[in-house]
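A.B. asks: Structure in structure tokens, see below.
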Amino acid sequence: MAKQQSFADKAAKAAMMKGSKCPKCGDIYQPILMVSSELSPKATWKFAERRVQVCKCNERQVYA
């Protein structure tokens, strides 16, 4: 039988989540790796990777 989880347990677990919080919405940032293809000066295609912090506020801007 599974252990029953109370609201206090759920709230404590959510408070333990690591990461920095967004000052606007208070949500914890989720780090993602954004990969885009770019044309280099030598006329070859390369993958540009960069890490982006995503929360509810900037979701549409990042995923657009």
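Identifiers in the structure tokens: chain A, B, ... in order shown; residue index from 1 per chain; ligand index from 1 in order shown.
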Within stretch 13-59 of chain A, find each residue whose DSSP state, derived from the backbone, is alpha helix (DSSP H), and express the selection as an MDAnalysis selection string.
C.D. replies: chainID A and resid 13:15 59
A.B. asks: To one decimal place, how far is atom CA of A:Gly19 from atom CA of A:Ala2 in Å?
C.D. replies: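 Taking atom CA of A:Gly19 as the start and atom CA of A:Ala2 as the end point, the length is 29.3 Å.
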A.B. asks: What does the distance from atom CA of A:Arg60 to atom CA of A:Ala48 come to in Å, to one decimal?
C.D. replies: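 Computing it gives 20.2 Å between the two atoms.
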A.B. asks: I need the residue nearest A:Gln30 from this list: A:Met16, A:Val52, A:Ala43, A:Met1. Use only C-alpha atoms for the distance.
C.D. replies: A:Val52
